[in-house]
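Colleague: Structure provided below as structure tokens; questions to follow.
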Amino acid sequence: MGAIEHYRRELYRIAWRMQYREKRDRKREVSMECSPDLFQPSFAEESDNKVMLQSYINKLVCEASKKVIYEIYINDKTEAQVARELKITQQAVNKWKKKALRELCQMMSL
């Protein structure tokens with residue numbers, strides 16, 4: 001097998017993988033052809049959700065978890081913005097967020 005044939009086969013494999021991933025991802029996505037207002041919560045619903053979330057946040061044990069969740073979900077900040085404020089890495093913010101979300105999930109399931 002020559003070099004040209006080898007590279008042709010490799011390109012074919014790469015293209016096949018890319019098509020497969022694209023097809024798989026397309027199946028997982030939800031079609032957004034319906035009205036965009038369908039998924040928008042009303043102001044009252046959004047306010048109620050934030051009040052309920054704040055009560056759960058206050059029940060968290062760790063202050064760092066409270067701060068991270070509050071800034072991300074109540075103040076709509078990104079992980080990078082929170083990381084800059086707390087002077088930690090974005091990965092650390094992500095870990096605190098995951099830990100806090102697990103804890104919140106356990107609280108809500110009780």
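Quick note on naming: the chains in the structure tokens go A, B, ... in the order shown, residues restart at 1 in each chain, and ligands are numbered from 1 in order of appearance.
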Identify, on the basis of only C-alpha atoms, every residue whose closest approach to stretch 82-91 of chain A does not exceed 10 Å; exclude the query and any residue fewer than 3 positions from it along the same chain; express the result as a count of residues only.
Modeller: 14
Colleague: Step one, run DSSP on the backbone; step two, keep only residues of chain A assigned to alpha helix (DSSP H); then write them as a PyMOL selection string.
Modeller: chain A and resi 3-28+43-58+63-69+79-86+90-109
Colleague: Calculated over only C-alpha atoms, which of the candidates A:Met108, A:Ile74, A:Ala100, A:Ala3 has the smallest distance to A:Leu60?
Modeller: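 Using only C-alpha atoms, the shortest distance to A:Leu60 belongs to A:Ala100.
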Colleague: Looking at A:Trp16, A:His6, A:Lys23, A:Leu104, which one is nearest to A:Ser55, with distances taken over only C-alpha atoms?
Modeller: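 Ranking A:Trp16, A:His6, A:Lys23, A:Leu104 by distance to A:Ser55, first place goes to A:Leu104.
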Colleague: A:Ile14, A:Ala44, A:Met52, A:Leu101: which is nearest A:Ser65, counting only C-alpha atoms?
Modeller: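 Checking each candidate against A:Ser65, we get A:Leu101 as the closest.
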